[in-house]
file target-v6.cif (mmCIF, C-alpha atoms)
data_final
#
loop_
_atom_site.label_atom_id
_atom_site.label_comp_id
_atom_site.auth_asym_id
_atom_site.auth_seq_id
_atom_site.Cartn_x
_atom_site.Cartn_y
_atom_site.Cartn_z
CA MET A 1 15.41 9.34 113.94
CA ALA A 2 16.76 7.57 116.86
CA GLN A 3 17.81 9.60 119.85
CA ILE A 4 21.04 9.13 121.56
CA ASN A 5 21.30 9.71 125.27
CA LEU A 6 24.75 11.07 125.36
CA LEU A 7 24.44 12.33 128.90
CA LYS A 8 23.70 8.89 130.26
CA GLN A 9 26.58 7.43 128.35
CA ASN A 10 29.03 10.01 129.77
CA SER A 11 27.90 9.31 133.27
CA SER A 12 28.42 5.61 132.77
CA ASN A 13 31.93 6.23 131.37
CA THR A 14 33.01 8.22 134.50
CA SER A 15 32.16 5.36 136.84
CA LEU A 16 33.91 2.99 134.49
CA ASP A 17 37.05 5.23 134.57
CA ILE A 18 37.23 5.08 138.35
CA GLY A 19 36.82 1.34 138.30
CA LYS A 20 39.51 1.14 135.62
CA ASN A 21 41.96 3.37 137.59
CA VAL A 22 41.83 1.55 140.93
CA PRO A 23 43.87 -1.43 139.75
CA LYS A 24 46.38 0.92 138.16
CA ILE A 25 46.72 2.78 141.44
CA LEU A 26 47.20 -0.49 143.22
CA VAL A 27 49.91 -1.50 140.73
CA ARG A 28 51.67 1.80 141.23
CA ALA A 29 51.40 1.45 145.00
CA ALA A 30 52.86 -2.04 144.78
CA LEU A 31 55.65 -0.73 142.57
CA VAL A 32 56.35 2.06 145.06
CA ILE A 33 56.54 -0.52 147.85
CA LEU A 34 58.91 -2.65 145.79
CA VAL A 35 61.11 0.34 145.02
CA ALA A 36 61.07 1.34 148.70
CA LEU A 37 62.09 -2.18 149.69
CA ALA A 38 64.90 -2.07 147.16
CA GLY A 39 66.00 1.26 148.63
CA TYR A 40 65.86 -0.16 152.14
CA TYR A 41 67.98 -3.08 150.97
CA GLY A 42 70.47 -0.64 149.49
CA TRP A 43 70.63 1.21 152.79
CA LEU A 44 71.15 -2.10 154.65
CA TYR A 45 73.91 -3.04 152.24
CA PHE A 46 75.80 0.21 152.62
CA LYS A 47 75.26 0.29 156.38
CA SER A 48 76.58 -3.26 156.61
CA LYS A 49 79.66 -2.33 154.58
CA SER A 50 80.15 0.75 156.72
CA ILE A 51 80.01 -1.24 159.98
CA GLU A 52 82.39 -3.81 158.53
CA GLY A 53 84.84 -1.04 157.75
CA GLN A 54 84.46 0.55 161.18
CA THR A 55 84.96 -2.81 162.91
CA SER A 56 88.03 -3.51 160.86
CA ALA A 57 89.47 -0.06 161.63
CA LEU A 58 88.73 -0.53 165.34
CA LYS A 59 90.46 -3.91 165.37
CA ILE A 60 93.52 -2.42 163.70
CA LYS A 61 93.52 0.42 166.26
CA MET A 62 93.20 -2.08 169.10
CA ASP A 63 96.00 -4.26 167.73
CA ASN A 64 98.21 -1.20 167.52
CA GLU A 65 97.38 -0.24 171.08
CA VAL A 66 98.13 -3.77 172.32
CA ARG A 67 101.40 -3.76 170.37
CA THR A 68 102.27 -0.36 171.82
CA GLY A 69 101.48 -1.53 175.33
CA LEU A 70 103.43 -4.75 175.02
CA GLY A 71 106.31 -2.90 173.46
CA GLN A 72 106.66 -0.42 176.34
CA ALA A 73 110.23 -0.66 177.58
CA ASP A 74 109.31 -0.44 181.27
CA ARG A 75 106.27 -2.70 181.13
CA ASN A 76 108.11 -5.73 182.52
CA GLU A 77 109.49 -3.67 185.38
CA VAL A 78 105.99 -2.47 186.23
CA LEU A 79 104.77 -6.06 186.29
CA THR A 80 107.69 -7.11 188.48
CA ARG A 81 107.05 -4.24 190.91
CA GLN A 82 103.40 -5.18 191.02
CA LEU A 83 104.38 -8.76 191.87
CA GLN A 84 106.65 -7.45 194.62
CA ILE A 85 103.83 -5.40 196.13
CA LYS A 86 101.34 -8.25 195.80
CA THR A 87 103.74 -10.70 197.47
CA LEU A 88 104.51 -8.26 200.27
CA SER A 89 100.79 -7.64 200.78
CA GLY A 90 100.43 -11.33 201.52
CA LEU A 91 103.55 -11.60 203.70
CA ILE A 92 103.16 -8.50 205.86
CA PRO A 93 99.89 -9.52 207.59
CA ALA A 94 101.55 -12.86 208.44
CA HIS A 95 104.63 -11.14 209.92
CA LEU A 96 105.10 -12.10 213.57
CA TYR A 97 106.38 -9.90 216.41
CA TRP A 98 107.85 -12.29 218.95
CA SER A 99 109.18 -9.52 221.15
CA GLN A 100 105.57 -8.76 222.12
CA LEU A 101 105.32 -12.18 223.77
CA PHE A 102 107.87 -11.59 226.56
CA GLN A 103 106.12 -8.86 228.56
CA PRO A 104 102.81 -10.76 228.94
CA LEU A 105 104.80 -13.86 229.90
CA ALA A 106 106.78 -11.88 232.47
CA ASP A 107 103.49 -10.50 233.85
CA ALA A 108 102.18 -14.05 234.25
CA THR A 109 105.36 -15.33 235.94
CA LEU A 110 105.73 -15.68 239.66
CA LYS A 111 108.38 -13.32 241.08
CA ASN A 112 110.28 -16.21 242.67
CA ALA A 113 110.41 -18.21 239.44
CA SER A 114 113.17 -17.96 236.89
CA TYR A 115 113.53 -19.39 233.45
CA THR A 116 116.62 -21.17 232.27
CA ASN A 117 115.35 -22.10 228.87
CA PHE A 118 112.65 -20.67 226.63
CA GLU A 119 111.58 -22.08 223.28
CA THR A 120 108.68 -21.17 221.13
CA ASN A 121 107.56 -21.57 217.57
CA ALA A 122 104.83 -20.53 215.20
CA ASN A 123 102.67 -23.51 216.24
CA GLY A 124 101.63 -21.45 219.25
CA THR A 125 103.38 -23.41 221.98
CA ILE A 126 106.03 -22.37 224.48
CA SER A 127 108.40 -24.72 226.22
CA LEU A 128 109.95 -23.41 229.42
CA ASP A 129 112.52 -24.71 231.88
CA VAL A 130 111.53 -23.14 235.20
CA SER A 131 113.20 -22.97 238.56
CA VAL A 132 111.36 -22.13 241.79
CA PRO A 133 112.60 -22.21 245.40
CA SER A 134 109.81 -24.41 246.83
CA LEU A 135 106.94 -26.68 245.98
CA GLU A 136 104.53 -24.01 247.23
CA ASP A 137 105.97 -21.65 244.65
CA LEU A 138 105.58 -24.32 241.99
CA ASP A 139 101.90 -24.59 242.93
CA LYS A 140 101.50 -20.80 242.86
CA PHE A 141 103.29 -20.68 239.53
CA LEU A 142 100.71 -23.02 238.04
CA GLN A 143 97.70 -21.40 239.77
CA VAL A 144 98.42 -18.08 238.04
CA PHE A 145 97.31 -19.58 234.73
CA ASN A 146 93.87 -20.31 236.16
CA LEU A 147 93.22 -16.59 236.54
CA ALA A 148 91.20 -15.13 233.70
CA ASP A 149 93.58 -12.20 233.11
CA TYR A 150 96.46 -14.55 232.39
CA ASN A 151 94.53 -17.50 231.02
CA LYS A 152 93.40 -15.43 228.03
CA ASN A 153 97.05 -15.20 226.94
CA PHE A 154 98.51 -18.49 228.19
CA SER A 155 96.59 -21.73 228.59
CA ASP A 156 96.77 -25.53 228.64
CA VAL A 157 99.86 -25.62 230.83
CA MET A 158 101.40 -29.09 230.93
CA LEU A 159 103.87 -29.88 233.66
CA GLY A 160 106.80 -32.22 233.08
CA GLY A 161 108.53 -34.01 235.90
CA TYR A 162 110.27 -31.83 238.45
CA THR A 163 113.63 -32.36 240.12
CA LYS A 164 115.02 -31.04 243.34
CA ALA A 165 118.45 -29.42 243.09
CA ASP A 166 120.89 -27.95 245.57
CA GLY A 167 122.13 -24.44 245.00
CA LYS A 168 125.68 -23.19 245.53
CA ASN A 169 124.91 -21.42 248.80
CA GLY A 170 123.04 -24.38 250.23
CA SER A 171 119.62 -23.23 249.01
CA LYS A 172 117.30 -25.67 247.32
CA SER A 173 115.38 -25.25 244.10
CA TYR A 174 112.84 -27.19 242.14
CA ASN A 175 113.42 -27.37 238.41
CA PHE A 176 110.69 -28.41 236.03
CA GLN A 177 109.61 -28.11 232.44
CA VAL A 178 106.26 -26.74 231.31
CA LYS A 179 104.63 -26.55 227.95
CA LEU A 180 101.83 -24.11 227.36
CA LYS A 181 99.87 -22.54 224.58
CA PHE A 182 99.86 -18.83 223.91
CA ASN A 183 97.30 -16.57 222.29
CA PRO A 184 98.49 -16.04 218.67
CA GLN A 185 97.19 -12.46 218.78
CA LEU A 186 100.02 -11.64 221.17
CA ILE A 187 102.59 -11.83 218.39
CA GLN A 188 100.56 -10.13 215.70
CA TYR A 189 101.12 -6.54 214.63
CA LYS A 190 99.88 -3.92 217.06
CA ASN A 191 99.72 -0.32 215.94
CA THR A 192 101.39 1.47 218.81
CA ASN A 193 101.41 4.81 216.98
CA SER A 194 97.66 5.39 217.22
CA ASN A 195 96.76 8.29 219.50
CA ALA A 196 94.20 7.30 222.07
CA GLY A 197 91.66 9.93 223.11
CA MET B 1 19.81 5.58 111.28
CA PRO B 2 19.73 3.98 114.72
CA VAL B 3 23.07 3.18 116.33
CA ASN B 4 23.38 0.36 118.86
CA PHE B 5 25.68 1.94 121.36
CA SER B 6 24.71 -0.43 124.04
CA LYS B 7 26.22 -3.28 122.07
CA ASN B 8 29.47 -1.44 121.57
CA LEU B 9 29.46 -0.48 125.18
CA GLY B 10 29.02 -4.13 126.14
CA LEU B 11 32.14 -5.07 124.19
CA ASP B 12 34.16 -2.35 125.97
CA MET B 13 33.01 -3.58 129.34
CA ARG B 14 34.30 -7.09 128.62
CA ASN B 15 37.69 -5.73 127.52
CA GLN B 16 37.82 -3.47 130.56
CA SER B 17 36.96 -6.32 132.89
CA SER B 18 39.71 -8.44 131.41
CA ALA B 19 42.22 -5.58 131.76
CA SER B 20 41.19 -5.10 135.35
CA ARG B 21 41.75 -8.77 136.07
CA ASN B 22 45.19 -8.54 134.51
CA THR B 23 46.01 -5.46 136.53
CA LEU B 24 44.83 -7.10 139.75
CA PHE B 25 46.95 -10.10 138.86
CA GLU B 26 49.92 -7.76 138.42
CA VAL B 27 49.21 -6.21 141.81
CA GLY B 28 49.05 -9.63 143.40
CA LEU B 29 52.22 -10.68 141.66
CA LEU B 30 54.02 -7.52 142.79
CA LEU B 31 52.90 -8.05 146.35
CA VAL B 32 54.11 -11.66 146.21
CA ILE B 33 57.44 -10.42 144.84
CA CYS B 34 57.61 -7.85 147.66
CA ALA B 35 56.89 -10.52 150.24
CA LEU B 36 59.49 -12.87 148.82
CA PHE B 37 62.01 -10.01 148.62
CA VAL B 38 61.40 -9.16 152.24
CA TRP B 39 61.55 -12.78 153.37
CA PHE B 40 64.55 -13.98 151.41
CA VAL B 41 66.61 -10.81 150.97
CA ILE B 42 65.74 -8.04 153.40
CA LEU B 43 65.28 -10.06 156.59
CA PRO B 44 68.55 -12.04 156.21
CA LYS B 45 70.38 -8.81 155.41
CA ARG B 46 68.82 -7.15 158.46
CA ALA B 47 69.90 -10.08 160.65
CA ASP B 48 73.38 -9.88 159.16
CA LEU B 49 73.50 -6.16 159.89
CA ASP B 50 72.36 -6.70 163.48
CA GLN B 51 75.05 -9.33 163.92
CA LYS B 52 77.70 -7.01 162.51
CA GLN B 53 76.47 -4.19 164.75
CA SER B 54 76.73 -6.48 167.78
CA ALA B 55 80.24 -7.50 166.74
CA TYR B 56 81.17 -3.84 166.32
CA ASP B 57 79.78 -3.00 169.76
CA ALA B 58 81.76 -5.86 171.30
CA VAL B 59 84.97 -4.80 169.57
CA SER B 60 84.29 -1.21 170.62
CA VAL B 61 83.96 -2.21 174.28
CA GLN B 62 87.09 -4.34 173.99
CA GLU B 63 88.99 -1.48 172.39
CA GLN B 64 87.92 0.89 175.15
CA GLY B 65 89.19 -1.62 177.72
CA VAL B 66 92.52 -2.00 175.92
CA SER B 67 92.80 1.75 175.56
CA ALA B 68 92.15 2.25 179.29
CA LYS B 69 94.70 -0.44 180.16
CA VAL B 70 97.35 1.12 177.94
CA ALA B 71 96.63 4.52 179.49
CA GLY B 72 96.88 2.94 182.96
CA LEU B 73 100.15 1.28 182.01
CA ASN B 74 101.57 4.57 180.78
CA ALA B 75 100.53 6.26 184.02
CA MET B 76 102.14 3.49 186.06
CA ILE B 77 105.36 3.72 184.05
CA GLN B 78 105.51 7.47 184.68
CA LYS B 79 104.87 6.92 188.39
CA LEU B 80 107.51 4.21 188.52
CA GLN B 81 110.08 6.48 186.89
CA SER B 82 109.45 9.16 189.51
CA SER B 83 109.48 6.79 192.51
CA SER B 84 113.06 5.62 192.71
CA GLY B 85 113.10 5.98 196.51
CA GLN B 86 110.09 3.77 196.99
CA THR B 87 111.45 1.29 194.46
CA ALA B 88 114.64 1.03 196.51
CA GLN B 89 112.56 0.33 199.64
CA LEU B 90 110.65 -2.31 197.73
CA ASP B 91 113.89 -3.94 196.63
CA GLN B 92 115.11 -3.88 200.21
CA ALA B 93 111.93 -5.47 201.57
CA LEU B 94 111.70 -8.12 198.88
CA PRO B 95 114.88 -8.32 196.76
CA LEU B 96 114.88 -9.62 193.23
CA ASP B 97 117.82 -11.94 193.80
CA GLY B 98 118.72 -14.74 196.18
CA ASP B 99 121.99 -13.20 197.35
CA ILE B 100 123.07 -14.86 200.63
CA ILE B 101 125.82 -12.39 201.52
CA LYS B 102 123.66 -9.29 201.97
CA PRO B 103 121.33 -10.99 204.51
CA ARG B 104 124.36 -12.06 206.54
CA LEU B 105 125.77 -8.51 206.47
CA LEU B 106 122.37 -7.09 207.42
CA VAL B 107 121.96 -9.42 210.43
CA GLN B 108 125.52 -8.66 211.52
CA LYS B 109 124.79 -4.90 211.37
CA LEU B 110 121.57 -5.27 213.35
CA ALA B 111 123.42 -7.34 215.95
CA ASP B 112 126.19 -4.73 216.21
CA ASP B 113 123.62 -1.94 216.58
CA SER B 114 121.82 -3.89 219.33
CA GLY B 115 125.02 -4.68 221.24
CA VAL B 116 124.70 -8.46 221.12
CA THR B 117 127.60 -10.73 220.30
CA VAL B 118 127.11 -12.86 217.23
CA GLY B 119 127.85 -16.54 217.74
CA SER B 120 126.89 -17.61 214.24
CA ILE B 121 124.82 -16.61 211.25
CA ASP B 122 123.84 -19.33 208.81
CA VAL B 123 122.08 -18.47 205.57
CA ALA B 124 120.87 -21.32 203.37
CA GLY B 125 120.03 -20.41 199.80
CA VAL B 126 118.50 -22.50 197.07
CA SER B 127 121.07 -25.03 195.95
CA GLY B 128 122.09 -24.82 192.31
CA SER B 129 120.98 -21.21 191.89
CA VAL B 130 123.29 -18.84 190.02
CA ALA B 131 124.87 -16.41 192.50
CA ALA B 132 126.10 -13.87 189.94
CA GLY B 133 126.56 -13.37 186.22
CA ASP B 134 123.24 -14.86 185.13
CA THR B 135 123.35 -14.10 181.41
CA ASN B 136 119.59 -14.31 180.82
CA LEU B 137 118.87 -12.13 183.82
CA LEU B 138 121.46 -9.54 182.86
CA LYS B 139 120.06 -9.40 179.33
CA ASP B 140 116.51 -8.72 180.50
CA PRO B 141 116.39 -8.11 184.28
CA PHE B 142 112.60 -7.79 184.47
CA GLY B 143 111.65 -10.11 181.63
CA GLN B 144 111.90 -13.34 183.63
CA THR B 145 108.95 -14.91 185.42
CA ARG B 146 109.64 -14.66 189.12
CA THR B 147 108.23 -16.57 192.07
CA PRO B 148 108.56 -15.97 195.84
CA LYS B 149 111.37 -17.94 197.42
CA THR B 150 112.78 -18.13 200.94
CA LEU B 151 116.27 -18.07 202.37
CA GLY B 152 116.55 -20.07 205.59
CA VAL B 153 118.44 -18.09 208.21
CA SER B 154 119.61 -19.25 211.63
CA VAL B 155 121.18 -16.75 214.03
CA TYR B 156 122.84 -17.40 217.38
CA VAL B 157 123.61 -14.38 219.55
CA LEU B 158 124.67 -13.70 223.14
CA GLY B 159 123.96 -10.73 225.37
CA SER B 160 121.84 -9.35 228.17
CA PHE B 161 118.06 -9.70 228.12
CA ASN B 162 117.64 -6.08 226.99
CA GLN B 163 120.21 -6.52 224.22
CA LEU B 164 118.54 -9.69 223.02
CA MET B 165 115.16 -7.94 222.98
CA ALA B 166 116.63 -4.98 221.11
CA PHE B 167 118.08 -7.36 218.53
CA LEU B 168 114.78 -9.22 218.19
CA ARG B 169 112.90 -5.94 217.70
CA ALA B 170 115.45 -4.80 215.11
CA ILE B 171 114.92 -8.03 213.19
CA GLU B 172 111.14 -7.61 213.37
CA GLN B 173 111.20 -4.00 212.24
CA SER B 174 113.89 -4.30 209.58
CA GLY B 175 113.23 -2.95 206.13
CA ARG B 176 114.12 -6.41 204.81
CA LEU B 177 111.20 -8.66 205.57
CA MET B 178 112.37 -11.40 207.97
CA ASN B 179 109.80 -13.74 209.39
CA VAL B 180 110.94 -15.36 212.62
CA SER B 181 109.50 -18.84 212.97
CA ALA B 182 111.14 -19.98 216.22
CA VAL B 183 112.80 -18.33 219.19
CA ALA B 184 114.89 -20.08 221.80
CA VAL B 185 116.45 -18.28 224.76
CA ALA B 186 118.67 -20.12 227.23
CA GLN B 187 120.82 -19.28 230.20
CA ASP B 188 124.20 -20.88 230.63
CA SER B 189 125.75 -21.93 233.93
CA GLN B 190 127.37 -18.50 234.32
CA GLY B 191 124.03 -16.78 233.93
CA ALA B 192 124.72 -15.36 230.46
CA LEU B 193 121.85 -15.45 227.99
CA ASN B 194 121.94 -16.67 224.45
CA MET B 195 119.24 -16.60 221.83
CA LYS B 196 118.71 -18.63 218.70
CA LEU B 197 116.40 -17.30 216.01
CA THR B 198 115.16 -19.37 213.10
CA MET B 199 113.73 -17.24 210.36
CA GLY B 200 113.02 -16.90 206.67
CA MET B 201 113.99 -14.08 204.34
CA TYR B 202 111.92 -13.72 201.22
CA TYR B 203 112.95 -12.78 197.72
CA LEU B 204 111.59 -12.94 194.18
CA ALA B 205 113.71 -14.81 191.70
CA PRO B 206 113.29 -16.57 188.35
#
call {"tool": "encode", "arguments": {"input": "target-v6.cif", "output": "structure tokens"}}
result
Amino acid sequence: MAQINLLKQNSSNTSLDIGKNVPKILVRAALVILVALAGYYGWLYFKSKSIEGQTSALKIKMDNEVRTGLGQADRNEVLTRQLQIKTLSGLIPAHLYWSQLFQPLADATLKNASYTNFETNANGTISLDVSVPSLEDLDKFLQVFNLADYNKNFSDVMLGGYTKADGKNGSKSYNFQVKLKFNPQLIQYKNTNSNAG
Amino acid sequence: MPVNFSKNLGLDMRNQSSASRNTLFEVGLLLVICALFVWFVILPKRADLDQKQSAYDAVSVQEQGVSAKVAGLNAMIQKLQSSSGQTAQLDQALPLDGDIIKPRLLVQKLADDSGVTVGSIDVAGVSGSVAAGDTNLLKDPFGQTRTPKTLGVSVYVLGSFNQLMAFLRAIEQSGRLMNVSAVAVAQDSQGALNMKLTMGMYYLAP
């Protein structure tokens, strides 16, 4: 009677089972991956739809806000007032104070000299008709502008022709015209309200 | 009776090997399907989502800006409504119309206050501008686009040196912005002084 080695056969079947199951496991793993990818796609889809909805809602909200802002009754007045302030902000620094020019000019003027005509403009030049009693005074009048204290405010003095005139009481005078430049800072705003010390 | 199990077993092994090859083929096929799904479906969808997220972020930032501007506008409107005094000063400094009568009256008042005698006051407005009753302006006073304009003013006054200086200072410090562009002071044969001021008065008009 032939003998059957059942034990050996069983052992061989176990190793065959493992070898048979590995591909199945791999198939299942691949299926799980595929299902997971499908799930991920589903999540992407719904997330995409959600963001679309949120964006749309935000745009509607923004449009409403813009409409509300533009529809404000006093908006145009606010814009006009802003334009006023902006325009003034540009004009005020350029505002000139001509009255500040006279004291420095008086300080630089010889005591014997007198002015009969004074003209100035924003170009920074002054035209003066001056009268002095003598030629020496005329020379002194001009020499003042060579001094540093006065030259910083008034410079480039140009002398026109002078004429000799007789006064009512027999006195003589020399009349002449000068043109000079002045320091533009003289007529700019000075804050006189600041407390020194 | 002897049984040839090994033969039967050999047949099983061939079937099993074939099944394994099929299964491995299925695995490969599934992996290829996964790869194609990722490449042609998932990645484009992901890119689309990223793009939509970026668009949402941009709209969100824009909305925050609009919201802040509207809030700022509301705050400014409230401040404007409670600042009637300052608004009046603003209108005095830079009026919203090119009226030529008020500047004349203002200069006359400043001259009277300074003690000088007024020889003449000339105010030159923009020719062809509507002096009153502008229908469009009355309908929507602040709805028109305005630009800075200038009235040309020439003033001739007489007085002592101190009076002339007081008048000049009053012009310079007036609440109505007047920018003097030229000053001429002269003495007549009797010794009396006169002064001519050339200046511009600004306003904002459509």
call {"tool": "residues_around", "arguments": {"input": "target-v6.cif", "residues": "Ile126 in chain A", "least_positions_apart": "5", "cutoff": "6 Å", "atoms": "only C-alpha atoms", "output": "PyMOL selection string"}}
result
chain A and resi 119-120+179-180
call {"tool": "closest_residue", "arguments": {"input": "target-v6.cif", "among": "B:Leu80, B:Ile100, B:Val116, B:Leu36", "to": "chain A", "atoms": "all atoms listed in the file"}}
result
B:Leu80
call {"tool": "interface_residues", "arguments": {"input": "target-v6.cif", "of": "chain A", "to": "chain B", "cutoff": "6 Å", "atoms": "all atoms listed in the file", "output": "list in words"}}
result
Ala2, Pro23, Val27, Ala30, Leu34, Tyr41, Ser48, Thr55, Met62, Gly69, Asn76, Glu77, His95, Thr116, Asn117, Phe118, Glu119, Thr120, Asn121 and Ala122 of chain A
call {"tool": "write_last_selection", "arguments": {"input": "target-v6.cif", "atoms": "C-alpha atoms", "output": "PDB file, in the coordinates of the input"}}
result
ATOM      1  CA  ALA A   2      16.760   7.570 116.860  1.00  0.00           C
ATOM      2  CA  PRO A  23      43.870  -1.430 139.750  1.00  0.00           C
ATOM      3  CA  VAL A  27      49.910  -1.500 140.730  1.00  0.00           C
ATOM      4  CA  ALA A  30      52.860  -2.040 144.780  1.00  0.00           C
ATOM      5  CA  LEU A  34      58.910  -2.650 145.790  1.00  0.00           C
ATOM      6  CA  TYR A  41      67.980  -3.080 150.970  1.00  0.00           C
ATOM      7  CA  SER A  48      76.580  -3.260 156.610  1.00  0.00           C
ATOM      8  CA  THR A  55      84.960  -2.810 162.910  1.00  0.00           C
ATOM      9  CA  MET A  62      93.200  -2.080 169.100  1.00  0.00           C
ATOM     10  CA  GLY A  69     101.480  -1.530 175.330  1.00  0.00           C
ATOM     11  CA  ASN A  76     108.110  -5.730 182.520  1.00  0.00           C
ATOM     12  CA  GLU A  77     109.490  -3.670 185.380  1.00  0.00           C
ATOM     13  CA  HIS A  95     104.630 -11.140 209.920  1.00  0.00           C
ATOM     14  CA  THR A 116     116.620 -21.170 232.270  1.00  0.00           C
ATOM     15  CA  ASN A 117     115.350 -22.100 228.870  1.00  0.00           C
ATOM     16  CA  PHE A 118     112.650 -20.670 226.630  1.00  0.00           C
ATOM     17  CA  GLU A 119     111.580 -22.080 223.280  1.00  0.00           C
ATOM     18  CA  THR A 120     108.680 -21.170 221.130  1.00  0.00           C
ATOM     19  CA  ASN A 121     107.560 -21.570 217.570  1.00  0.00           C
ATOM     20  CA  ALA A 122     104.830 -20.530 215.200  1.00  0.00           C
TER      21      ALA A 122
END
call {"tool": "atom_distance", "arguments": {"input": "target-v6.cif", "atom1": "CA of Leu96 in chain A", "atom2": "CA of Tyr189 in chain A"}}
result
6.9 Å
call {"tool": "residues_near_point", "arguments": {"input": "target-v6.cif", "point": "(116.7, -32.8, 242.8)", "cutoff": "9 Å", "atoms": "all atoms listed in the file", "output": "list in words"}}
result
Tyr162, Thr163, Lys164, Ala165, Asp166, Lys172, Ser173, Tyr174 and Asn175 of chain A
call {"tool": "atom_distance", "arguments": {"input": "target-v6.cif", "atom1": "CA of Thr117 in chain B", "atom2": "CA of Leu158 in chain B"}}
result
5.0 Å
call {"tool": "closest_residue", "arguments": {"input": "target-v6.cif", "among": "B:Asp113, B:Ser160, B:Thr150, B:Asp97", "to": "Gly133 in chain B", "atoms": "all atoms listed in the file"}}
result
B:Asp97
call {"tool": "build_atoms", "arguments": {"input": "target-v6.cif", "residues": "range 23-37 of chain A", "atoms": "N, CA and C atoms", "output": "compact mmCIF listing (two decimals), in the coordinates of the input"}}
result
# COMPACT_ATOMS: atom_id res chain seq x y z
N PRO A 23 42.80 -0.44 139.88
CA PRO A 23 43.87 -1.43 139.75
C PRO A 23 45.20 -0.80 139.36
N LYS A 24 45.13 0.25 138.53
CA LYS A 24 46.38 0.92 138.16
C LYS A 24 47.04 1.55 139.39
N ILE A 25 46.19 2.16 140.20
CA ILE A 25 46.72 2.78 141.44
C ILE A 25 47.35 1.72 142.32
N LEU A 26 46.66 0.60 142.40
CA LEU A 26 47.20 -0.49 143.22
C LEU A 26 48.54 -0.98 142.67
N VAL A 27 48.65 -1.07 141.35
CA VAL A 27 49.91 -1.50 140.73
C VAL A 27 51.02 -0.52 141.07
N ARG A 28 50.66 0.78 140.94
CA ARG A 28 51.67 1.80 141.23
C ARG A 28 52.09 1.74 142.71
N ALA A 29 51.09 1.54 143.57
CA ALA A 29 51.40 1.45 145.00
C ALA A 29 52.34 0.26 145.27
N ALA A 30 52.02 -0.85 144.61
CA ALA A 30 52.86 -2.04 144.78
C ALA A 30 54.26 -1.79 144.26
N LEU A 31 54.33 -1.07 143.12
CA LEU A 31 55.65 -0.73 142.57
C LEU A 31 56.44 0.17 143.52
N VAL A 32 55.70 1.15 144.10
CA VAL A 32 56.35 2.06 145.06
C VAL A 32 56.90 1.27 146.24
N ILE A 33 56.09 0.32 146.72
CA ILE A 33 56.54 -0.52 147.85
C ILE A 33 57.80 -1.31 147.46
N LEU A 34 57.76 -1.86 146.25
CA LEU A 34 58.91 -2.65 145.79
C LEU A 34 60.17 -1.79 145.69
N VAL A 35 59.97 -0.57 145.14
CA VAL A 35 61.11 0.34 145.02
C VAL A 35 61.63 0.74 146.42
N ALA A 36 60.67 0.98 147.33
CA ALA A 36 61.07 1.34 148.70
C ALA A 36 61.84 0.20 149.35
N LEU A 37 61.38 -1.02 149.14
CA LEU A 37 62.09 -2.18 149.69
C LEU A 37 63.49 -2.29 149.11
